[in-house]
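J.: To start, I am sharing the structure in question, which I have written as structure tokens.
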Amino acid sequence: MPNFDYAAPTTLAETAELMSSTGTVRALAGGTDLIDQLKTNRRNADLVVDLKRVPELQRLDADSDGLHIGAAVCCSDVHHNPLVNEKYQGLADSTGLIGSVQIQNRAAVGGNVCNAAPSADTTPNLLTHEAVAVIAGPNGTRNVELADFFVGPGQTVLQAGEFLQELILPTPPENSASAYLRFIPRNEMDIAVAGVSSFLHLDPATRTVQKARVALASVAPTPVRARAAEAVLEGQLISADLISQAGAAAVESATPITDVRGSAEYRRELVNVLTRRTLNICLERIGVEV
Ligand SMILES: Cc1cc2nc3c(=O)[nH]c(=O)nc-3n(C[C@H](O)[C@H](O)[C@H](O)COP(=O)(O)OP(=O)(O)OC[C@H]3O[C@@H](n4cnc5c(N)ncnc54)[C@H](O)[C@@H]3O)c2cc1C
């Protein structure tokens, strides 16, 4: 492991100052990606700034803006949070399947986002819940829609000196639900061959879809919204046939590669199947049968 300096600030102001230091500065949330990247020389650092001791980066609560997930909150805390399980079920799904319990106790949702792997499991749910990233930097904070946060594999809009402070997820309306499924060849400790999150808001009286969000992992250079599938669903009467149409439309948003985990064709088929399954889970969670 190459040498680097280490700092563990306890205030946001101190964190911002440290993150703006000269040289290569990297934030550490849980370190489950970063430490391995440093060990294997895939990343370098002059200074590593540990975010875990800053109270604002550990917040996990809701107010009129929605759910706030501080950048250092670990997956276990999110997975077991009662509000997440009640209103952001897809996020409860994904935070409960990252790595192992030990990894979930360490790894942050914010770290999963900032690592910007196309396969990151929490990101599709955050996209379907229309999360906003609050970015802190030397000149204060700026908000970026999470859909605009990713630039390429491992690349985000974060500029030198900036760090993710928190994610804010608007409060979902009544009669809505979300779900996340991924396909991996074994039961755990693997990277998604494909992952899909869906969000549905239904009018229970008319059974029409008020809002639909579908997002995909591992089938493009960045996590992507499946906008064609959303367009198929919105404003329509929910039915098994409509869900099949949405599954087929979601494939249009996938631009997968063929690699050791699966062929592009296989991944496209997974997107179709997982979209249908996650939409059906949303319906079950809302309590609507089709
Ligand atoms: C055994 C194992 C199994 C895994 N399984 C899965 C899995 O099933 N699904 C999955 O998606 N991932 C998996 N991962 C990858 C990893 O655990 C996740 O991506 C995790 O969420 C990363 O979070 P972290 O807090 O550890 O990030 P860190 O390692 O601390 O950070 C990751 C990257 O983001 C940057 N960063 C972190 N926080 C901030 C911030 N606030 N602002 C700016 N930059 C920041 C860091 O500098 C680093 O470049 C696995 C890893 C291991 C070791």
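Labeling convention for the structure tokens: chains A, B, ... as they appear, residues from 1 per chain, ligands from 1 in order of appearance.
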If we count only C-alpha atoms, what is near Ala62 in chain A at a cut-off of 10 Å, once residues fewer than 4 positions away on the same chain are taken out, given as a list in words?
T.: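 Using only C-alpha atoms, the neighbours found are Gly66, Leu67, His68, Ile69, Leu83, Ile168, Leu169, Pro170 and Thr171 of chain A.
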J.: Run DSSP on the backbone of this structure and report the residues of range 138-172 of chain A it assigns to strand (DSSP E), as a ChimeraX atom specification.
T.: /A:140-145,150-152,155-156,163-169
J.: I want to know what sits within 8 Å of range 195-209 of chain A, based on only C-alpha atoms, with residues of the same chain fewer than 5 positions away left out; could you give that as a PDB file with N, CA and C atoms, in the first residue's frame?
T.:
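File produced: around_28.pdb:
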ATOM      1  N   GLY A  90     -37.275   0.096  -2.397  1.00  0.00           N
ATOM      2  CA  GLY A  90     -36.211  -0.327  -3.318  1.00  0.00           C
ATOM      3  C   GLY A  90     -34.831  -0.078  -2.732  1.00  0.00           C
ATOM      4  N   SER A 119     -22.261  -0.715 -12.103  1.00  0.00           N
ATOM      5  CA  SER A 119     -22.974  -1.823 -11.444  1.00  0.00           C
ATOM      6  C   SER A 119     -23.445  -1.481 -10.038  1.00  0.00           C
ATOM      7  N   ASP A 121     -25.236  -0.948  -6.785  1.00  0.00           N
ATOM      8  CA  ASP A 121     -26.599  -1.436  -6.542  1.00  0.00           C
ATOM      9  C   ASP A 121     -27.546  -0.391  -5.978  1.00  0.00           C
ATOM     10  N   PRO A 124     -29.629   2.744  -8.874  1.00  0.00           N
ATOM     11  CA  PRO A 124     -30.914   2.733  -9.594  1.00  0.00           C
ATOM     12  C   PRO A 124     -32.099   3.153  -8.718  1.00  0.00           C
ATOM     13  N   ASN A 125     -32.106   2.717  -7.446  1.00  0.00           N
ATOM     14  CA  ASN A 125     -33.207   3.123  -6.548  1.00  0.00           C
ATOM     15  C   ASN A 125     -33.182   4.617  -6.301  1.00  0.00           C
ATOM     16  N   THR A 128     -34.676   6.244  -9.251  1.00  0.00           N
ATOM     17  CA  THR A 128     -36.141   6.136  -9.360  1.00  0.00           C
ATOM     18  C   THR A 128     -36.823   7.004  -8.307  1.00  0.00           C
ATOM     19  N   HIS A 129     -36.134   7.276  -7.207  1.00  0.00           N
ATOM     20  CA  HIS A 129     -36.694   8.179  -6.185  1.00  0.00           C
ATOM     21  C   HIS A 129     -36.277   9.633  -6.432  1.00  0.00           C
ATOM     22  N   PRO A 173     -45.413   9.807  -2.711  1.00  0.00           N
ATOM     23  CA  PRO A 173     -46.840   9.950  -2.385  1.00  0.00           C
ATOM     24  C   PRO A 173     -47.440   8.629  -1.896  1.00  0.00           C
ATOM     25  N   GLU A 174     -48.658   8.723  -1.313  1.00  0.00           N
ATOM     26  CA  GLU A 174     -49.401   7.505  -0.970  1.00  0.00           C
ATOM     27  C   GLU A 174     -49.615   6.691  -2.246  1.00  0.00           C
ATOM     28  N   ASN A 175     -49.863   5.420  -2.117  1.00  0.00           N
ATOM     29  CA  ASN A 175     -50.113   4.525  -3.252  1.00  0.00           C
ATOM     30  C   ASN A 175     -48.946   4.485  -4.238  1.00  0.00           C
ATOM     31  N   SER A 176     -47.753   4.548  -3.666  1.00  0.00           N
ATOM     32  CA  SER A 176     -46.555   4.376  -4.491  1.00  0.00           C
ATOM     33  C   SER A 176     -45.649   3.357  -3.817  1.00  0.00           C
ATOM     34  N   ALA A 177     -44.749   2.792  -4.596  1.00  0.00           N
ATOM     35  CA  ALA A 177     -43.773   1.840  -4.044  1.00  0.00           C
ATOM     36  C   ALA A 177     -42.610   1.714  -5.013  1.00  0.00           C
ATOM     37  N   SER A 178     -41.478   1.246  -4.484  1.00  0.00           N
ATOM     38  CA  SER A 178     -40.320   0.989  -5.348  1.00  0.00           C
ATOM     39  C   SER A 178     -39.753  -0.395  -5.041  1.00  0.00           C
ATOM     40  N   ALA A 179     -38.929  -0.876  -5.953  1.00  0.00           N
ATOM     41  CA  ALA A 179     -38.323  -2.203  -5.777  1.00  0.00           C
ATOM     42  C   ALA A 179     -37.011  -2.258  -6.557  1.00  0.00           C
ATOM     43  N   TYR A 180     -36.089  -3.097  -6.079  1.00  0.00           N
ATOM     44  CA  TYR A 180     -34.831  -3.321  -6.806  1.00  0.00           C
ATOM     45  C   TYR A 180     -34.521  -4.811  -6.865  1.00  0.00           C
ATOM     46  N   LEU A 181     -34.136  -5.260  -8.036  1.00  0.00           N
ATOM     47  CA  LEU A 181     -33.654  -6.635  -8.214  1.00  0.00           C
ATOM     48  C   LEU A 181     -32.394  -6.583  -9.066  1.00  0.00           C
ATOM     49  N   ARG A 182     -31.478  -7.482  -8.771  1.00  0.00           N
ATOM     50  CA  ARG A 182     -30.308  -7.628  -9.648  1.00  0.00           C
ATOM     51  C   ARG A 182     -30.160  -9.106  -9.948  1.00  0.00           C
ATOM     52  N   PHE A 183     -29.441  -9.388 -11.026  1.00  0.00           N
ATOM     53  CA  PHE A 183     -29.114 -10.782 -11.298  1.00  0.00           C
ATOM     54  C   PHE A 183     -27.625 -10.958 -11.087  1.00  0.00           C
ATOM     55  N   VAL A 214     -38.059   3.997 -13.962  1.00  0.00           N
ATOM     56  CA  VAL A 214     -37.315   2.745 -14.109  1.00  0.00           C
ATOM     57  C   VAL A 214     -35.847   3.118 -14.330  1.00  0.00           C
ATOM     58  N   ALA A 215     -34.952   2.477 -13.602  1.00  0.00           N
ATOM     59  CA  ALA A 215     -33.520   2.773 -13.780  1.00  0.00           C
ATOM     60  C   ALA A 215     -32.724   1.477 -13.780  1.00  0.00           C
ATOM     61  N   LEU A 216     -31.626   1.502 -14.522  1.00  0.00           N
ATOM     62  CA  LEU A 216     -30.875   0.281 -14.820  1.00  0.00           C
ATOM     63  C   LEU A 216     -29.426   0.375 -14.346  1.00  0.00           C
ATOM     64  N   ALA A 217     -28.904  -0.759 -13.906  1.00  0.00           N
ATOM     65  CA  ALA A 217     -27.481  -0.858 -13.520  1.00  0.00           C
ATOM     66  C   ALA A 217     -26.791  -1.891 -14.393  1.00  0.00           C
ATOM     67  N   SER A 218     -25.502  -1.656 -14.622  1.00  0.00           N
ATOM     68  CA  SER A 218     -24.633  -2.655 -15.279  1.00  0.00           C
ATOM     69  C   SER A 218     -24.923  -2.878 -16.760  1.00  0.00           C
ATOM     70  N   LEU A 233     -45.599   3.525 -19.490  1.00  0.00           N
ATOM     71  CA  LEU A 233     -46.446   3.281 -18.315  1.00  0.00           C
ATOM     72  C   LEU A 233     -47.317   4.482 -17.929  1.00  0.00           C
ATOM     73  N   GLU A 234     -46.749   5.680 -18.013  1.00  0.00           N
ATOM     74  CA  GLU A 234     -47.429   6.843 -17.413  1.00  0.00           C
ATOM     75  C   GLU A 234     -48.728   7.184 -18.116  1.00  0.00           C
ATOM     76  N   GLY A 235     -49.764   7.401 -17.303  1.00  0.00           N
ATOM     77  CA  GLY A 235     -51.073   7.786 -17.832  1.00  0.00           C
ATOM     78  C   GLY A 235     -51.915   6.609 -18.291  1.00  0.00           C
ATOM     79  N   GLN A 236     -51.364   5.405 -18.191  1.00  0.00           N
ATOM     80  CA  GLN A 236     -52.076   4.226 -18.702  1.00  0.00           C
ATOM     81  C   GLN A 236     -52.684   3.415 -17.567  1.00  0.00           C
ATOM     82  N   LEU A 237     -53.724   2.659 -17.934  1.00  0.00           N
ATOM     83  CA  LEU A 237     -54.348   1.718 -17.012  1.00  0.00           C
ATOM     84  C   LEU A 237     -53.363   0.570 -16.770  1.00  0.00           C
ATOM     85  N   ILE A 238     -53.101   0.254 -15.503  1.00  0.00           N
ATOM     86  CA  ILE A 238     -52.106  -0.797 -15.244  1.00  0.00           C
ATOM     87  C   ILE A 238     -52.672  -2.168 -15.625  1.00  0.00           C
ATOM     88  N   VAL A 271     -32.713  -7.187 -18.494  1.00  0.00           N
ATOM     89  CA  VAL A 271     -33.387  -5.904 -18.272  1.00  0.00           C
ATOM     90  C   VAL A 271     -34.892  -6.057 -18.468  1.00  0.00           C
ATOM     91  N   LEU A 274     -36.211  -8.279 -15.445  1.00  0.00           N
ATOM     92  CA  LEU A 274     -36.132  -7.615 -14.128  1.00  0.00           C
ATOM     93  C   LEU A 274     -37.044  -6.398 -14.065  1.00  0.00           C
ATOM     94  N   THR A 275     -37.238  -5.736 -15.193  1.00  0.00           N
ATOM     95  CA  THR A 275     -38.183  -4.604 -15.206  1.00  0.00           C
ATOM     96  C   THR A 275     -39.582  -5.112 -14.899  1.00  0.00           C
ATOM     97  N   THR A 278     -39.746  -6.183 -11.153  1.00  0.00           N
ATOM     98  CA  THR A 278     -39.740  -5.075 -10.170  1.00  0.00           C
ATOM     99  C   THR A 278     -41.051  -4.295 -10.235  1.00  0.00           C
ATOM    100  N   LEU A 279     -41.615  -4.150 -11.424  1.00  0.00           N
ATOM    101  CA  LEU A 279     -42.915  -3.469 -11.521  1.00  0.00           C
ATOM    102  C   LEU A 279     -43.983  -4.286 -10.791  1.00  0.00           C
ATOM    103  N   CYS A 282     -43.614  -3.744  -7.142  1.00  0.00           N
ATOM    104  CA  CYS A 282     -44.200  -2.433  -6.771  1.00  0.00           C
ATOM    105  C   CYS A 282     -45.712  -2.581  -6.590  1.00  0.00           C
ATOM    106  N   LEU A 283     -46.361  -3.265  -7.525  1.00  0.00           N
ATOM    107  CA  LEU A 283     -47.819  -3.437  -7.433  1.00  0.00           C
ATOM    108  C   LEU A 283     -48.210  -4.208  -6.176  1.00  0.00           C
ATOM    109  N   VAL A 288     -52.064  -3.733  -5.175  1.00  0.00           N
ATOM    110  CA  VAL A 288     -52.926  -3.782  -6.362  1.00  0.00           C
ATOM    111  C   VAL A 288     -52.630  -5.061  -7.136  1.00  0.00           C
TER     112      VAL A 288
END
J.: Smallest atom-to-atom distance to Gly140 in chain A: which of A:Arg225, A:Pro2, A:Glu17, A:Asp259, using only C-alpha atoms?
T.: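 Smallest distance to Gly140 in chain A is found for A:Glu17.
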J.: If you run DSSP on the backbone here, which positions in range 224-290 of chain A get helix (DSSP H, G or I)? Please write them as a PyMOL selection string.
T.: chain A and resi 227-233+240-253+264-286
J.: My list of candidates is A:Ala136, A:Ile281, A:Val109, A:Leu60. Which is closest to Glu14 in chain A when distances are computed with only C-alpha atoms?
T.: A:Ala136
J.: My list of candidates is A:Pro223, A:Ala194, A:Glu289, A:Glu166. Which is closest to Val273 in chain A when distances are computed with only C-alpha atoms?
T.: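 Closest candidate: A:Ala194.
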J.: Taking only C-alpha atoms and all ligand atoms into account, which of A:Asn81, A:Ser64, A:Gln37, A:Asn112 comes nearest ligand 1?
T.: A:Asn112
J.: Give me the residues within 9 Å of Gly70 in chain A as a list in words, counting only C-alpha atoms and dropping any in the same chain fewer than 6 places off.
T.: Pro55, Glu56, Leu57, Gln58, Arg59, Leu60, Ala108, Val109, Gly110, Leu164, Gln165, Glu166, Leu167 and Ile168 of chain A
J.: Selected residues, C-alpha atoms, written as a short mmCIF file (atom, residue, chain, number, x, y, z; two decimals), in the first residue's frame, please.
T.:
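Wrote it out as again.cif, contents follow:
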data_model
loop_
_atom_site.label_atom_id
_atom_site.label_comp_id
_atom_site.auth_asym_id
_atom_site.auth_seq_id
_atom_site.Cartn_x
_atom_site.Cartn_y
_atom_site.Cartn_z
CA PRO A 55 -22.34 14.46 12.34
CA GLU A 56 -23.93 16.09 9.23
CA LEU A 57 -22.52 13.28 7.07
CA GLN A 58 -24.13 10.71 9.39
CA ARG A 59 -27.64 12.16 9.31
CA LEU A 60 -30.47 9.85 8.32
CA ALA A 108 -21.91 3.98 2.71
CA VAL A 109 -24.65 4.66 0.19
CA GLY A 110 -22.72 7.88 -0.54
CA LEU A 164 -20.86 14.67 -1.55
CA GLN A 165 -22.49 15.99 1.62
CA GLU A 166 -25.82 14.18 1.43
CA LEU A 167 -28.54 12.77 -0.79
CA ILE A 168 -32.11 14.05 -0.51
#
J.: Could you tell me how far CA of Ile184 in chain A sits from atom 6 (C, counted along the ligand's line) of ligand 1, in Å to one decimal place?
T.: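 Separation of atom 6 (C, counted along the ligand's line) of ligand 1 and CA of Ile184 in chain A: 11.0 Å.
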